[in-house]
Structure formats: C-alpha cells, structure tokens
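Chemist: To start, I am sharing the structure in question, which I have written as structure tokens.
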Amino acid sequence: MGQARTNIDEKFCLINCKTQEVYELYDGITFGRGSNANVIILDKRISRIHLTLFLEKNGSIWLEDSSSNGTYFDGVRVSGKIKLTKNLRIKIGDTEFDFIMPAKHRYETESNYDSKLNIPKNKNHELKIVTQYDENYSLYPPASMLKRFVANAIDSILLGLANNIPSVLFKNFNLPDLIKNNLIFFSILLISFFYYQKTMAKDGQTIGKKVMKIMVIPTNGKKRISVLMIFLREAIFKPLFIVFSFFSALLSKKNLAIHDYLSKTRVIDLSEK
C-alpha cells in the first residue's frame with residue numbers, strides 16, 4: 001500500500017492525486033494494470049506495464065513509457081525514455097500523480113546531480129498493490145455471456161477431471177455404498193472449495209476467467225470476496241440456479257445472473273483495449 005504523506009520532500013515519490021497514496025520510487029519500479037506491475041493501478045486506459053522509472057547513480061531519474069494510450073507530463077504527451085528534472089503532474093490513463101523530487105535534486109543541468117540518493121535499488125517494497133478492488137473497476141464493462149460461458153466451461157472441465165479422483169480412489173474400498181457415496185460427495189465438495197479458494201480469493205479469477213480475461217468483483221463495497229462467498233457463489237448458487245441465471249443475465253444491463261445477485265458480485269471484462 002502507499003505510504004502516509006510525510007517527509008515527501010526528502011524522497012523521490014509519486015503521489016496519487018485522488019487517493020493521496022505515496023509511492024517511494026526505486027530503480028526499475030513499474031506502474032501498470034497487469035498483475036506483474038510493482039504498483040497495480042486498476043484503470044481501464046492504463047496498459048499492463050504502462051511505465052517504468054529508473055534511478056541512476058549520478059542522481060538522474062528517468063521515466064520510460066511503454067503504453068498504448070501514452071503518458072502525459074503537465075498535459076503534454078511524452079513517449080520513449082524521458083529524464084525528469086522537476087516536480088510535475090503525470091497522467092496515465094485517467095489516473096494522475098504528482099511527481100515529487102527531493103529539494104536538493106531539483107535541477108536543470110547535469111552539473112547539479114547528487115550521487116548520494118540513498119534510494120533502495122530493485123527492492124521488494126510494500127507498494128506491490130494499491131488495492132485489489134476500488135472505484136476504478138467501474139470503468140470496466142460487464143463481461144459478455146459468451147466469455148462467461150467459455151470460462152465456466154474451462155473450469156467445469158478442470159473440476160470434472162479433479163472430481164474423478166475420489167470416485168477412482170474409493171471405488172475399490174470395501175465399504176457400504178452409502179458411506180462410499182457420502183465420502184465421494186464430500187470429497188468433491190472439498191476439491192471444489194479448494195479450487196475456487198485458491199484461484200479466486202486473491203483476484204477474483206478462476207483459471208477459466210483468467211483465460212477469458214474476466215473477473216468477479218464485489219458490489220457491496222468490500223475490497224474482496226470472502227472465501228465462503230466464493231464457494232457459495234461458484235459451488236452452490238451457480239449450479240442451483242443455472243437455468244434462471246442465464247435468463248436473468250440476458251435481461252440485466254450488466255449481465256447479472258441470479259448467483260451474482262445472491263453473492264453481491266458482478267463479472268467484468270478486463271480485455272485489452
């Protein structure tokens with residue numbers, strides 16, 4: 001998470017103009033929408049790796065734009081690798097940052113460079129993710145029914161293969177059929193629980209949803225979906241209301257199915273622009 005806004009005049013920082021979160025910069029730090037960015041900004045118009053910042057030993061700092069929609073310095077679009085020499089407003093997508101330089105490093109010529117930056121280099125900061133779920137998700141359109149269907153088909157195939165394991169495992173056990181069937185049933189529930197918990201708890205995406213670039217997000221103001229709600233949504237609500245869910249999604253402007261309403265979630269499309 002971003003740091004508190006204190007002593008920012010002593011460090012190289014980017015400050016989110018809306019949230020006021022402060023990011024201390026280090027060599028090689030990346031900003032973007034993708035999960036492999038050091039700072040993830042959930043803004044539809046931001047590329048997966050939108051920009052990278054480099055800090056050199058001689059005190060210079062560079063920004064390299066690698067985006068589709070561009071990076072703007074005080075309203076002017078820049079491209080390629082640009083040296084930063086003063087405080088300015090940086091805009092990527094619909095998100096704005098104030099770039100702050102330490103007072104002793106604000107310069108116009110290389111003669112003013114100071115090599116004693118005391119900036120961490122390629123360090124794993126606690127700035128990995130701004131937030132998993134925030135208001136920027138409202139910029140993403142609802143996922144189409146086709147994408148949702150294909151994602152569910154992929155997950156169903158994977159779970160089907162996994163769910164065959166307890167059937168094979170308990171097949172030769174010398175147990176009464178009732179006990180054997182119950183063991184198989186609860187094993188399948190357990191496999192389903194762990195599948196959805198492991199794949200969706202972090203970012204709202206199962207394997208099928210990752211393939212189709214769609215994501216489940218909460219609509220109740222919470223930052224993430226609880227593990228219990230993930231299981232209820234995917235393993236209970238969805239199978240129970242599968243037919244009604246299809247028709248409710250067709251009638252909804254946001255493609256909301258019955259299990260979306262019950263779990264207070266919606267599915268969005270994260271496809272590239």
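To be explicit about the labels: the chains of the structure tokens are called A, B, and onward in the order shown, and within each one the residues are counted from 1, while ligands get numbers from 1 in the order they are shown.
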As a PyMOL selection string, please: every residue in stretch 21-255 of chain A that DSSP puts in strand (DSSP E).
Modeler: chain A and resi 22-24+29-32+39-40+51-55+61-65+71-73+76-78+81-84+88-92+95-100+214-218
Chemist: Name the residues of stretch 9-245 of chain A that fall into alpha helix (DSSP H) according to DSSP on the backbone, using the chain letters and numbers of this document, as a count of residues only.
Modeler: 69
Chemist: Give me, as a Markdown table, each residue of stretch 170-220 of chain A that comes within 10 Å of stretch 257-262 of chain A, together with its shortest interatomic pair and the distance in Å at one decimal, counting only C-alpha atoms, with rows ordered by chain and rising residue number.
Modeler:
```
| residue | atom | partner | partner_atom | distance |
| --- | --- | --- | --- | --- |
| A:Val216 | CA | A:Asp260 | CA | 9.0 |
| A:Ile217 | CA | A:Asp260 | CA | 9.7 |
| A:Pro218 | CA | A:Asp260 | CA | 9.1 |
| A:Thr219 | CA | A:Tyr261 | CA | 9.2 |
```
Chemist: With only C-alpha atoms as the basis for distance, which of A:Ser68, A:Ser252, A:Ser47, A:Thr206 is at the shortest distance from A:Leu158?
Modeler: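 Smallest distance to A:Leu158 is found for A:Thr206.
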